[in-house]
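For reference, upload08.txt is printed below; it contains compact mmCIF, C-alpha atoms (C1' of nucleotides).
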```txt
# COMPACT_ATOMS: atom_id res chain seq x y z
CA MET B 13 6.69 1.51 1.95
CA SER B 14 9.94 0.37 3.48
CA ALA B 15 9.44 -3.15 2.13
CA THR B 16 11.10 -1.88 -1.04
CA LYS B 17 13.98 -0.53 0.99
CA LEU B 18 14.42 -3.81 2.81
CA LEU B 19 14.34 -5.93 -0.33
CA VAL B 20 16.71 -3.65 -2.21
CA LEU B 21 19.21 -3.56 0.66
CA GLY B 22 18.84 -7.30 1.06
CA ILE B 23 19.52 -8.14 -2.57
CA VAL B 24 22.54 -5.86 -2.71
CA HIS B 25 23.86 -7.45 0.45
CA LEU B 26 23.19 -11.02 -0.63
CA SER B 27 24.82 -10.56 -4.01
CA GLY B 28 27.74 -8.77 -2.42
CA GLY B 29 27.25 -5.76 -4.68
CA ALA B 30 24.80 -5.19 -7.49
CA HIS B 31 23.61 -2.58 -9.96
CA GLY B 32 20.03 -1.46 -10.40
CA TYR B 33 19.01 -3.72 -13.20
CA GLN B 34 20.37 -6.73 -11.36
CA VAL B 35 18.31 -5.95 -8.28
CA ARG B 36 15.34 -5.48 -10.54
CA SER B 37 15.79 -8.86 -12.28
CA GLU B 38 16.46 -10.65 -9.03
CA LEU B 39 13.27 -9.30 -7.49
CA GLN B 40 11.40 -10.22 -10.63
CA SER B 41 12.69 -13.77 -10.47
CA TRP B 42 11.47 -14.02 -6.88
CA GLY B 43 8.05 -12.96 -8.03
CA ALA B 44 8.42 -9.87 -5.88
CA GLU B 45 6.77 -7.63 -8.44
CA SER B 46 3.56 -9.45 -7.54
CA TRP B 47 3.70 -10.05 -3.78
CA ALA B 48 5.49 -6.84 -2.91
CA LYS B 49 4.17 -4.69 -5.78
CA ILE B 50 7.57 -3.25 -6.63
CA LYS B 51 7.98 -1.22 -9.82
CA PRO B 52 11.29 -0.40 -11.57
CA GLY B 53 11.16 3.28 -10.77
CA SER B 54 10.90 2.56 -7.07
CA ILE B 55 13.93 0.30 -7.13
CA TYR B 56 16.22 2.91 -8.65
CA HIS B 57 14.83 5.49 -6.29
CA ALA B 58 15.37 3.24 -3.27
CA LEU B 59 18.96 2.57 -4.33
CA LYS B 60 19.75 6.28 -4.73
CA LYS B 61 18.04 7.10 -1.45
CA ALA B 62 19.91 4.38 0.40
CA ALA B 63 23.19 5.60 -1.09
CA ALA B 64 22.38 9.18 -0.04
CA ASP B 65 21.63 7.89 3.46
CA GLY B 66 24.97 6.12 3.66
CA LEU B 67 23.48 2.63 3.63
CA LEU B 68 25.04 1.79 0.28
CA THR B 69 28.06 3.04 -1.63
CA GLU B 70 27.89 3.92 -5.32
CA HIS B 71 30.60 3.04 -7.82
CA ALA B 72 30.10 4.22 -11.40
CA GLU B 73 31.15 1.54 -13.86
CA PRO B 74 31.82 2.39 -17.48
CA GLY B 75 29.58 0.11 -19.52
CA ASN B 76 31.96 -2.39 -21.10
CA SER B 77 28.99 -3.58 -23.08
CA GLY B 78 25.75 -1.71 -22.94
CA PRO B 79 25.03 1.52 -21.11
CA GLU B 80 26.91 2.74 -18.05
CA ARG B 81 25.96 1.10 -14.78
CA VAL B 82 26.21 2.01 -11.14
CA LEU B 83 27.42 -0.66 -8.77
CA TYR B 84 26.03 -0.55 -5.24
CA ARG B 85 27.62 -2.17 -2.22
CA ALA B 86 26.23 -2.44 1.33
CA THR B 87 27.98 -0.45 4.06
CA ALA B 88 28.19 -1.58 7.67
CA ARG B 89 25.38 0.84 8.54
CA GLY B 90 23.40 -0.57 5.64
CA ARG B 91 23.71 -4.08 7.04
CA ASP B 92 22.67 -2.96 10.52
CA GLU B 93 19.70 -1.06 9.17
CA MET B 94 18.64 -4.04 7.13
CA VAL B 95 18.76 -6.43 10.06
CA GLU B 96 16.70 -3.92 12.03
CA LEU B 97 14.14 -3.75 9.24
CA VAL B 98 13.85 -7.53 9.09
CA ARG B 99 13.32 -7.69 12.86
CA ASP B 100 10.68 -4.97 12.67
CA GLY B 101 8.88 -6.62 9.81
CA LEU B 102 8.66 -9.88 11.72
CA ARG B 103 7.46 -8.29 14.92
CA ARG B 104 4.97 -5.75 13.68
CA THR B 105 1.60 -6.84 12.45
CA HIS B 106 -0.46 -4.55 10.15
CA ASP B 107 2.04 -4.55 7.30
CA PRO B 108 1.81 -7.68 5.16
CA ASP B 109 4.34 -6.39 2.63
CA MET B 110 6.96 -5.93 5.32
CA LEU B 111 6.24 -9.40 6.64
CA ASN B 112 6.70 -10.93 3.20
CA ALA B 113 9.91 -9.02 2.61
CA SER B 114 11.19 -9.96 6.06
CA ILE B 115 10.51 -13.63 5.50
CA ALA B 116 12.38 -13.45 2.23
CA MET B 117 15.34 -12.05 4.18
CA LEU B 118 14.84 -14.23 7.24
CA PRO B 119 18.28 -15.89 7.13
CA MET B 120 19.86 -12.50 7.78
CA LEU B 121 19.02 -13.01 11.45
CA THR B 122 20.54 -15.38 13.95
CA ARG B 123 18.30 -18.23 14.96
CA THR B 124 17.60 -17.04 18.50
CA ASP B 125 16.88 -13.52 17.31
CA ALA B 126 14.48 -14.73 14.63
CA ILE B 127 12.64 -16.91 17.12
CA ALA B 128 12.33 -14.00 19.55
CA GLN B 129 10.86 -11.72 16.88
CA VAL B 130 8.39 -14.32 15.65
CA ASN B 131 7.29 -15.03 19.22
CA GLU B 132 6.73 -11.33 19.72
CA ARG B 133 4.52 -11.37 16.64
CA VAL B 134 2.59 -14.31 18.08
CA ALA B 135 2.01 -12.38 21.29
CA ARG B 136 0.83 -9.30 19.41
CA LEU B 137 -1.54 -11.29 17.24
CA GLU B 138 -3.04 -12.93 20.33
CA ALA B 139 -3.55 -9.54 21.93
CA GLU B 140 -5.24 -8.25 18.79
CA LEU B 141 -7.59 -11.20 18.70
CA VAL B 142 -8.63 -10.47 22.27
CA VAL B 143 -9.36 -6.84 21.41
CA GLN B 144 -11.33 -7.88 18.35
CA ALA B 145 -13.35 -10.44 20.27
CA GLU B 146 -14.27 -7.79 22.82
CA TRP B 147 -15.24 -5.39 20.08
CA ARG B 148 -17.57 -7.97 18.60
CA GLU B 149 -19.18 -8.81 21.90
CA HIS B 150 -19.91 -5.17 22.65
CA PRO B 151 -20.53 -3.75 19.18
CA ASN B 152 -20.73 -0.04 18.65
CA ARG B 153 -24.41 0.75 18.15
CA ASP B 154 -24.06 2.72 14.94
CA THR B 155 -21.54 0.60 13.12
CA PRO B 156 -23.39 -0.82 10.12
CA GLU B 157 -24.01 -4.55 10.13
CA HIS B 158 -21.90 -5.29 7.09
CA VAL B 159 -18.93 -3.55 8.65
CA ARG B 160 -19.26 -5.70 11.76
CA ASP B 161 -19.24 -8.82 9.57
CA GLN B 162 -16.10 -7.57 7.93
CA ALA B 163 -14.42 -7.91 11.31
CA GLU B 164 -15.09 -11.63 10.96
CA LEU B 165 -12.69 -11.68 8.03
CA TRP B 166 -10.04 -9.71 9.91
CA ALA B 167 -10.28 -12.08 12.84
CA GLY B 168 -10.01 -15.06 10.51
CA GLN B 169 -6.93 -13.63 8.85
CA ALA B 170 -5.37 -12.93 12.23
CA ARG B 171 -6.04 -16.48 13.40
CA THR B 172 -4.52 -17.94 10.23
CA GLU B 173 -1.47 -15.76 10.64
CA LEU B 174 -1.21 -16.71 14.28
CA GLU B 175 -1.16 -20.43 13.51
CA TRP B 176 1.41 -19.89 10.82
CA ALA B 177 3.63 -17.77 13.05
CA LYS B 178 3.49 -20.40 15.77
CA SER B 179 4.51 -23.13 13.37
CA LEU B 180 7.29 -20.95 11.97
CA SER B 181 8.60 -20.40 15.47
CA LYS B 182 8.49 -24.15 16.08
CA ARG B 183 10.29 -24.96 12.84
CA LEU B 184 12.98 -22.44 13.71
CA SER B 185 13.40 -23.98 17.15
CA GLU B 186 13.80 -27.38 15.57
CA GLY B 187 16.66 -26.08 13.48
CA ALA B 188 14.96 -25.44 10.15
CA TYR B 189 16.61 -23.12 7.59
CA ALA B 190 20.22 -22.04 7.43
CA MET B 191 20.33 -18.94 9.61
CA ALA B 192 23.03 -16.29 9.89
CA ASP B 193 24.82 -18.10 12.71
CA ASP B 194 24.63 -21.55 11.12
CA PRO B 195 27.28 -23.25 9.07
CA GLY B 196 26.06 -23.38 5.49
CA SER B 197 24.13 -20.16 5.95
CA TRP B 198 23.54 -17.43 3.40
CA ARG B 199 27.21 -16.60 3.72
CA THR B 200 27.56 -19.57 1.43
CA VAL B 201 25.40 -17.80 -1.10
CA PRO B 202 23.14 -20.20 -3.03
CA ASP B 203 23.56 -20.24 -6.80
CA HIS B 204 20.41 -18.40 -7.67
CA LEU B 205 21.47 -15.47 -5.50
CA LYS B 206 25.01 -15.18 -6.83
CA MET B 207 25.92 -12.15 -8.82
CA ARG B 208 25.49 -12.91 -12.44
CA ALA B 209 28.58 -10.96 -13.33
CA MET Q 6 -4.33 3.41 -3.98
CA SER Q 7 -7.83 3.86 -5.25
CA ALA Q 8 -9.30 2.73 -1.93
CA THR Q 9 -9.05 6.37 -0.85
CA LYS Q 10 -10.91 7.45 -3.96
CA LEU Q 11 -13.64 4.90 -3.36
CA LEU Q 12 -14.14 5.82 0.29
CA VAL Q 13 -14.13 9.54 -0.39
CA LEU Q 14 -16.63 9.23 -3.24
CA GLY Q 15 -18.69 6.91 -1.11
CA ILE Q 16 -18.92 9.19 1.90
CA VAL Q 17 -19.80 12.19 -0.23
CA HIS Q 18 -22.48 10.16 -1.93
CA LEU Q 19 -23.88 8.68 1.28
CA SER Q 20 -24.07 12.03 3.02
CA GLY Q 21 -25.62 13.61 -0.06
CA GLY Q 22 -22.91 16.25 -0.15
CA ALA Q 23 -20.06 16.87 2.24
CA HIS Q 24 -17.02 19.05 2.79
CA GLY Q 25 -13.50 17.79 3.40
CA TYR Q 26 -13.49 17.86 7.14
CA GLN Q 27 -16.74 15.97 7.25
CA VAL Q 28 -15.39 13.18 5.07
CA ARG Q 29 -12.35 13.11 7.27
CA SER Q 30 -14.30 12.80 10.51
CA GLU Q 31 -16.64 10.22 9.05
CA LEU Q 32 -13.74 8.04 7.96
CA GLN Q 33 -12.17 8.49 11.35
CA SER Q 34 -15.33 7.37 13.09
CA TRP Q 35 -15.37 4.25 10.92
CA GLY Q 36 -11.86 3.51 12.05
CA ALA Q 37 -10.74 3.90 8.44
CA GLU Q 38 -7.57 5.69 9.42
CA SER Q 39 -6.39 2.32 10.72
CA TRP Q 40 -7.74 -0.30 8.32
CA ALA Q 41 -7.36 1.79 5.18
CA LYS Q 42 -4.42 3.94 6.31
CA ILE Q 43 -5.96 7.18 5.11
CA LYS Q 44 -4.36 10.51 6.10
CA PRO Q 45 -5.93 14.00 5.92
CA GLY Q 46 -3.72 15.19 3.08
CA SER Q 47 -4.85 12.31 0.89
CA ILE Q 48 -8.51 13.01 1.54
CA TYR Q 49 -8.35 16.65 0.44
CA HIS Q 50 -6.27 15.63 -2.53
CA ALA Q 51 -8.69 12.89 -3.53
CA LEU Q 52 -11.61 15.32 -3.30
CA LYS Q 53 -9.91 17.88 -5.53
CA LYS Q 54 -8.85 15.23 -7.99
CA ALA Q 55 -12.33 13.77 -8.16
CA ALA Q 56 -13.76 17.26 -8.73
CA ALA Q 57 -11.22 17.88 -11.51
CA ASP Q 58 -12.22 14.57 -13.08
CA GLY Q 59 -15.88 15.52 -13.03
CA LEU Q 60 -16.85 12.91 -10.42
CA LEU Q 61 -17.78 15.55 -7.87
CA THR Q 62 -18.88 19.16 -8.05
CA GLU Q 63 -17.38 21.85 -5.85
CA HIS Q 64 -19.41 24.62 -4.20
CA ALA Q 65 -17.50 27.17 -2.16
CA GLU Q 66 -19.37 28.03 1.02
CA PRO Q 67 -18.56 31.15 2.96
CA GLY Q 68 -17.82 30.03 6.50
CA ASN Q 69 -20.79 31.24 8.52
CA SER Q 70 -18.84 30.17 11.56
CA GLY Q 71 -15.31 29.04 11.20
CA PRO Q 72 -13.15 29.00 8.09
CA GLU Q 73 -14.49 28.78 4.55
CA ARG Q 74 -15.50 25.35 3.40
CA VAL Q 75 -15.95 23.63 0.08
CA LEU Q 76 -19.03 21.50 -0.34
CA TYR Q 77 -18.71 18.49 -2.64
CA ARG Q 78 -21.57 16.68 -4.28
CA ALA Q 79 -21.50 13.49 -6.35
CA THR Q 80 -22.25 13.78 -10.07
CA ALA Q 81 -23.92 11.02 -12.08
CA ARG Q 82 -20.51 10.01 -13.44
CA GLY Q 83 -19.17 9.98 -9.90
CA ARG Q 84 -21.88 7.57 -8.82
CA ASP Q 85 -21.22 5.28 -11.79
CA GLU Q 86 -17.50 5.32 -11.17
CA MET Q 87 -18.01 4.52 -7.51
CA VAL Q 88 -20.27 1.57 -8.20
CA GLU Q 89 -17.67 0.30 -10.66
CA LEU Q 90 -14.95 0.65 -8.03
CA VAL Q 91 -16.98 -1.27 -5.48
CA ARG Q 92 -17.60 -4.07 -7.97
CA ASP Q 93 -13.90 -4.17 -8.85
CA GLY Q 94 -12.83 -4.26 -5.24
CA LEU Q 95 -15.13 -7.17 -4.51
CA ARG Q 96 -14.06 -9.17 -7.54
CA ARG Q 97 -10.33 -8.64 -7.56
CA THR Q 98 -8.13 -10.39 -5.10
CA HIS Q 99 -4.63 -9.04 -4.29
CA ASP Q 100 -5.80 -5.74 -2.88
CA PRO Q 101 -7.00 -5.99 0.72
CA ASP Q 102 -7.52 -2.25 1.09
CA MET Q 103 -9.85 -2.16 -1.86
CA LEU Q 104 -11.74 -5.14 -0.46
CA ASN Q 105 -12.17 -3.42 2.88
CA ALA Q 106 -13.31 -0.22 1.26
CA SER Q 107 -15.69 -2.11 -1.02
CA ILE Q 108 -17.25 -3.95 1.89
CA ALA Q 109 -17.76 -0.66 3.67
CA MET Q 110 -19.64 0.55 0.57
CA LEU Q 111 -21.34 -2.77 -0.14
CA PRO Q 112 -24.92 -1.45 0.08
CA MET Q 113 -24.23 0.73 -2.98
CA LEU Q 114 -24.81 -2.36 -5.12
CA THR Q 115 -28.00 -4.18 -5.85
CA ARG Q 116 -28.29 -7.55 -4.18
CA THR Q 117 -27.90 -9.64 -7.32
CA ASP Q 118 -24.93 -7.62 -8.49
CA ALA Q 119 -23.18 -7.91 -5.13
CA ILE Q 120 -23.74 -11.67 -5.08
CA ALA Q 121 -22.33 -11.98 -8.60
CA GLN Q 122 -19.18 -10.05 -7.70
CA VAL Q 123 -18.60 -12.01 -4.51
CA ASN Q 124 -19.08 -15.27 -6.37
CA GLU Q 125 -16.54 -14.12 -8.94
CA ARG Q 126 -14.12 -13.55 -6.06
CA VAL Q 127 -14.81 -17.03 -4.75
CA ALA Q 128 -14.01 -18.47 -8.18
CA ARG Q 129 -10.79 -16.51 -8.43
CA LEU Q 130 -9.65 -17.53 -4.98
CA GLU Q 131 -10.31 -21.17 -5.80
CA ALA Q 132 -8.28 -20.84 -8.99
CA GLU Q 133 -5.42 -19.26 -7.06
CA LEU Q 134 -5.42 -22.04 -4.52
CA VAL Q 135 -5.13 -24.59 -7.33
CA VAL Q 136 -2.16 -22.73 -8.83
CA GLN Q 137 -0.52 -22.48 -5.41
CA ALA Q 138 -1.05 -26.16 -4.68
CA GLU Q 139 0.59 -27.05 -7.99
CA TRP Q 140 3.48 -24.75 -7.28
CA ARG Q 141 4.07 -26.46 -3.95
CA GLU Q 142 3.90 -29.94 -5.40
CA HIS Q 143 6.44 -29.07 -8.09
CA PRO Q 144 8.66 -26.56 -6.31
CA ASN Q 145 11.15 -24.54 -8.28
CA ARG Q 146 14.54 -26.02 -7.50
CA ASP Q 147 16.26 -22.78 -6.54
CA THR Q 148 13.55 -21.15 -4.48
CA PRO Q 149 14.89 -21.04 -0.92
CA GLU Q 150 13.13 -23.23 1.60
CA HIS Q 151 11.89 -20.38 3.75
CA VAL Q 152 10.26 -18.73 0.74
CA ARG Q 153 8.41 -21.95 -0.03
CA ASP Q 154 7.10 -22.03 3.54
CA GLN Q 155 5.92 -18.49 3.14
CA ALA Q 156 3.57 -19.81 0.46
CA GLU Q 157 1.95 -21.78 3.26
CA LEU Q 158 0.85 -18.52 4.82
CA TRP Q 159 -0.47 -17.17 1.54
CA ALA Q 160 -2.45 -20.32 0.97
CA GLY Q 161 -3.84 -20.14 4.50
CA GLN Q 162 -4.89 -16.53 4.00
CA ALA Q 163 -6.51 -17.42 0.69
CA ARG Q 164 -8.44 -20.28 2.29
CA THR Q 165 -9.65 -18.05 5.12
CA GLU Q 166 -10.75 -15.42 2.65
CA LEU Q 167 -12.45 -18.05 0.53
CA GLU Q 168 -14.54 -19.32 3.43
CA TRP Q 169 -15.47 -15.81 4.38
CA ALA Q 170 -16.43 -14.88 0.83
CA LYS Q 171 -18.60 -17.96 0.54
CA SER Q 172 -20.41 -17.14 3.74
CA LEU Q 173 -20.86 -13.52 2.65
CA SER Q 174 -22.39 -14.71 -0.60
CA LYS Q 175 -24.71 -16.98 1.35
CA ARG Q 176 -25.77 -14.24 3.76
CA LEU Q 177 -26.49 -11.96 0.81
CA SER Q 178 -28.60 -14.65 -0.84
CA GLU Q 179 -30.55 -15.06 2.36
CA GLY Q 180 -31.41 -11.39 2.32
CA ALA Q 181 -28.90 -9.97 4.77
CA TYR Q 182 -28.13 -6.23 4.73
CA ALA Q 183 -30.18 -3.46 3.19
CA MET Q 184 -28.91 -3.29 -0.37
CA ALA Q 185 -29.43 -0.56 -2.98
CA ASP Q 186 -32.57 -2.18 -4.36
CA ASP Q 187 -34.13 -2.94 -0.99
CA PRO Q 188 -36.69 -0.90 0.87
CA GLY Q 189 -34.96 0.60 3.88
CA SER Q 190 -31.65 0.73 2.02
CA TRP Q 191 -28.97 3.40 2.30
CA ARG Q 192 -31.32 5.72 0.48
CA THR Q 193 -32.85 5.93 3.90
CA VAL Q 194 -29.57 7.16 5.22
CA PRO Q 195 -28.88 5.93 8.76
CA ASP Q 196 -28.42 8.61 11.39
CA HIS Q 197 -24.71 8.23 11.80
CA LEU Q 198 -24.19 8.90 8.09
CA LYS Q 199 -26.43 11.93 7.84
CA MET Q 200 -24.87 15.25 7.13
CA ARG Q 201 -24.26 16.98 10.34
CA ALA Q 202 -25.31 20.30 8.89
C1' DT R 20 -12.05 38.04 31.41
C1' DA R 21 -7.94 36.38 29.63
C1' DG R 22 -5.76 32.47 28.40
C1' DA R 23 -5.48 27.35 27.78
C1' DG R 24 -7.08 23.72 25.41
C1' DA R 25 -10.02 21.39 22.12
C1' DC R 26 -12.47 21.46 17.77
C1' DT R 27 -13.15 22.82 12.90
C1' DA R 28 -11.22 23.26 8.28
C1' DG R 29 -7.88 23.05 5.36
C1' DT R 30 -2.95 24.13 3.19
C1' DC R 31 1.60 23.07 2.07
C1' DC R 32 5.32 20.83 0.31
C1' DA R 33 8.81 17.35 0.70
C1' DG R 34 9.13 12.82 -0.26
C1' DT R 35 7.67 8.59 -2.83
C1' DT R 36 5.63 5.84 -6.44
C1' DT R 37 4.33 4.93 -11.00
C1' DG R 38 4.99 3.38 -15.39
C1' DA R 39 5.87 5.14 -19.81
C1' DC R 40 9.86 6.40 -22.25
C1' DT R 41 14.90 6.53 -24.04
C1' DA R 42 18.80 4.35 -25.70
C1' DC R 43 22.02 1.01 -26.59
C1' DT R 44 23.38 -4.08 -27.65
C1' DT R 45 22.82 -8.67 -29.09
C1' DG R 46 21.11 -12.44 -31.77
C1' DG R 47 18.46 -14.41 -35.26
C1' DC R 48 16.76 -14.89 -39.77
C1' DC R 49 15.35 -13.87 -44.41
C1' DG C 10 23.63 -7.01 -44.52
C1' DG C 11 19.52 -5.09 -42.92
C1' DC C 12 15.88 -5.25 -39.84
C1' DC C 13 13.13 -6.85 -36.00
C1' DA C 14 12.58 -8.69 -31.40
C1' DA C 15 14.30 -9.33 -27.04
C1' DG C 16 17.26 -8.05 -23.47
C1' DT C 17 19.93 -4.53 -20.70
C1' DA C 18 20.10 -0.25 -18.00
C1' DG C 19 18.19 3.51 -16.49
C1' DT C 20 15.59 8.40 -16.64
C1' DC C 21 11.76 11.38 -16.02
C1' DA C 22 7.52 13.94 -15.26
C1' DA C 23 3.25 13.41 -13.31
C1' DA C 24 0.64 11.84 -9.69
C1' DC C 25 -0.05 10.57 -5.02
C1' DT C 26 0.88 10.35 0.06
C1' DG C 27 2.06 11.79 4.55
C1' DG C 28 1.77 14.50 8.24
C1' DA C 29 3.28 18.78 10.13
C1' DC C 30 1.54 23.24 10.06
C1' DT C 31 -1.76 27.47 9.94
C1' DA C 32 -5.56 29.67 11.45
C1' DG C 33 -9.88 30.66 13.08
C1' DT C 34 -13.70 29.52 16.81
C1' DC C 35 -15.76 27.81 20.88
C1' DT C 36 -15.72 26.62 25.74
C1' DC C 37 -14.37 26.40 30.16
C1' DT C 38 -12.37 27.97 34.20
C1' DA C 39 -9.41 30.12 37.54
```
Take the structure in the file and write it out as structure tokens.
Amino acid sequence: MSATKLLVLGIVHLSGGAHGYQVRSELQSWGAESWAKIKPGSIYHALKKAAADGLLTEHAEPGNSGPERVLYRATARGRDEMVELVRDGLRRTHDPDMLNASIAMLPMLTRTDAIAQVNERVARLEAELVVQAEWREHPNRDTPEHVRDQAELWAGQARTELEWAKSLSKRLSEGAYAMADDPGSWRTVPDHLKMRA
Amino acid sequence: MSATKLLVLGIVHLSGGAHGYQVRSELQSWGAESWAKIKPGSIYHALKKAAADGLLTEHAEPGNSGPERVLYRATARGRDEMVELVRDGLRRTHDPDMLNASIAMLPMLTRTDAIAQVNERVARLEAELVVQAEWREHPNRDTPEHVRDQAELWAGQARTELEWAKSLSKRLSEGAYAMADDPGSWRTVPDHLKMRA
DNA sequence: TAGAGACTAGTCCAGTTTGACTACTTGGCC
DNA sequence: GGCCAAGTAGTCAAACTGGACTAGTCTCTA
């Protein structure tokens, strides 16, 4: 699951450097433990992995109060990789967790880029709906009835997502949200994302 | 992910005994590799695990043609566990894979039981929608705007699922599908599920 | 009739996830 | 001033997943 990777990189980047527990609390406060199913162990693993891959740097900090901590900071490669992950998550259907994580990190992208990725998602969802419709018109003879009806749910979900993606694209076009290339963007980090040093 | 466990137990049960490759091909033919993201390694693992847990029995079969195979058969405990998994998957929201797997194995339940579980899901989805609506009316001050809009998608998905669950419950009440307690149920295993011995 | 390609059956192990566990500090409160 | 609860920070082994890999058997077909 690279949703964990994306969120961890994102939090470190947004806070301009963070240690494991901080990432963990931040994700918890976003309710990410529920919608992205992220457990503590995975966070620490993702941080170490990212550091080993050169996406983050590690700085050991002697615990002035409490146990020793490791401070992580995003590298240039880490930022690039993260932006790529956000773009992928927006574009690709079939991975709800990545979509959720990408939306959470949406302001990492420039406005035009974000719109392009969301539009690509719209196109893919439309294509999938066409395939599904065909499949239901010419059903496979030995697919059980209840499995065919299940496709009804998938199609419904896809349609819901499609409408939502369209409206997101529209909102973005109309200037909603502070994106990476806007004044007052995430570069002016909102309070709740600031490092609680 | 216990969706793998459920599907593997289910296929073994439905075929009245199966070896790994058979389970694998069956799942493939259902398109499960895509909607449940199941890979070969996980299938063989799940089979061994289930055997170790006493949910399946293992019988080594000398390969009359081709390599040696291991035949698995469901035990009574395995059947009970599977039925419990199907009921859980129907009831509990927040796990789409389990829902998909449970629907695939729906005819394992008796009609009244299935209806009860689906109705429970309906109730839970309605409760979630209420909570979400409240959350959107009284938004947390420092939740970023784009994260609040994401909730729009979740709510939409929940509504879609709700409608679908209601209609499934209705279809079941009207006698759709051959359930476990019906004549002509899965006990009369359809051709495409029969062991290709 | 040998060799290519497809099918059958499963192993292997590196990588990832889980969640229980350790260990230390702070603050309250009796 | 001693003890408990809550908070801080992270480790660890066990379990699970992914998917490349092995290894035999048919089946054409040139």
Quiz item: Leaving out B:Gln129 and any residue of its chain fewer than 6 positions from it, which residues lie within 10 Å of it when counting only C-alpha atoms (C1' of nucleotides), given as a list of chain:residue names?
Solution: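 Selected residues are B:Val98, B:Arg99, B:Asp100, B:Gly101, B:Leu102, B:Arg103, B:Arg104, B:Leu121, B:Ala135, B:Ser181.
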Go through chain C residue by residue and, counting all atoms listed in the file, keep those with an atom at most 10 Å from stretch 32-45 of chain Q; for each kept residue give the shortest atom pair and its distance in Å to one decimal, ordered by chain and increasing number, as a Markdown table.
```
| residue | atom | partner | partner_atom | distance |
| --- | --- | --- | --- | --- |
| C:DT26 | C1' | Q:Lys44 | CA | 8.0 |
| C:DG27 | C1' | Q:Lys44 | CA | 6.7 |
| C:DG28 | C1' | Q:Lys44 | CA | 7.6 |
```
Which residues of chain C have any atom within 12 Å of an atom in chain Q when counting only C-alpha atoms (C1' of nucleotides), and what is the closest pair of atoms for each, with the distance in Å to one decimal? Order the rows by chain and rising number and write it as CSV.
```
residue,atom,partner,partner_atom,distance
C:DA24,C1',Q:Lys54,CA,10.2
C:DC25,C1',Q:Ser47,CA,7.8
C:DT26,C1',Q:Ser47,CA,6.1
C:DG27,C1',Q:Lys44,CA,6.7
C:DG28,C1',Q:Gly46,CA,7.6
C:DA29,C1',Q:Gly46,CA,10.6
C:DC30,C1',Q:Gly46,CA,11.9
C:DT31,C1',Q:Pro72,CA,11.6
C:DA32,C1',Q:Pro72,CA,8.3
C:DG33,C1',Q:Gly71,CA,6.0
C:DT34,C1',Q:Gly71,CA,5.9
C:DC35,C1',Q:Gly71,CA,9.8
```
Write the residues of the selection above to a file with C-alpha atoms (C1' of nucleotides), as an mmCIF file, in the coordinates of the input.
```
data_model
loop_
_atom_site.group_PDB
_atom_site.id
_atom_site.type_symbol
_atom_site.label_atom_id
_atom_site.label_comp_id
_atom_site.auth_asym_id
_atom_site.auth_seq_id
_atom_site.Cartn_x
_atom_site.Cartn_y
_atom_site.Cartn_z
ATOM 1 C "C1'" DA C 24 0.640 11.840 -9.690
ATOM 2 C "C1'" DC C 25 -0.050 10.570 -5.020
ATOM 3 C "C1'" DT C 26 0.880 10.350 0.060
ATOM 4 C "C1'" DG C 27 2.060 11.790 4.550
ATOM 5 C "C1'" DG C 28 1.770 14.500 8.240
ATOM 6 C "C1'" DA C 29 3.280 18.780 10.130
ATOM 7 C "C1'" DC C 30 1.540 23.240 10.060
ATOM 8 C "C1'" DT C 31 -1.760 27.470 9.940
ATOM 9 C "C1'" DA C 32 -5.560 29.670 11.450
ATOM 10 C "C1'" DG C 33 -9.880 30.660 13.080
ATOM 11 C "C1'" DT C 34 -13.700 29.520 16.810
ATOM 12 C "C1'" DC C 35 -15.760 27.810 20.880
#
```
Practice problem: Give me the residues within 9 Å of B:Gly90 as a list of chain:residue names, counting only C-alpha atoms (C1' of nucleotides) and dropping any in the same chain fewer than 5 places off. | Solution: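 In the requested form, the answer reads B:Leu21, B:His25, B:Ala62, B:Asp65, B:Gly66, B:Leu67, B:Leu68, B:Val95.
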Quiz item: Taking all atoms listed in the file into account, which residues of chain R are within 9 Å of chain B, as a list in words?
Solution: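 Matching residues, ligands excluded from the count: DT35, DT36, DT37, DG38, DA42, DC43 and DT44 of chain R.
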Could you please take those selected residues and save C-alpha atoms (C1' of nucleotides) as a PDB file, keeping the file's coordinate frame?
```pdb
ATOM      1  C1'  DT R  35       7.670   8.590  -2.830  1.00  0.00           C
ATOM      2  C1'  DT R  36       5.630   5.840  -6.440  1.00  0.00           C
ATOM      3  C1'  DT R  37       4.330   4.930 -11.000  1.00  0.00           C
ATOM      4  C1'  DG R  38       4.990   3.380 -15.390  1.00  0.00           C
ATOM      5  C1'  DA R  42      18.800   4.350 -25.700  1.00  0.00           C
ATOM      6  C1'  DC R  43      22.020   1.010 -26.590  1.00  0.00           C
ATOM      7  C1'  DT R  44      23.380  -4.080 -27.650  1.00  0.00           C
TER       8       DT R  44
END
```
Self-check item: Straight-line distance linking atom CA of Q:Met113 with atom CA of Q:Asp85, stated in Å to one decimal
Solution: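 So the answer is 10.4 Å.
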Quiz prompt | Distance filter 8 Å, all atoms listed in the file, chain B against chain Q, as JSON, numbers by chain | solution = {"B": [42, 112, 115, 116, 118, 154, 155, 157, 158, 159, 162, 164, 165, 168, 169, 172, 173, 176, 189, 203, 204]}
Quiz item: What gap, in Å, lies between atom C1' of C:DA14 and atom CA of B:Ser37?
Solution: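 Straight-line distance from atom C1' of C:DA14 to atom CA of B:Ser37 works out to 19.4 Å.
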Quiz item: Nearest to B:Tyr84: which of B:Thr124, B:Asn131, B:Thr105, B:Gln34 is it, counting all atoms listed in the file?
Solution: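 Nearest to B:Tyr84: B:Gln34.
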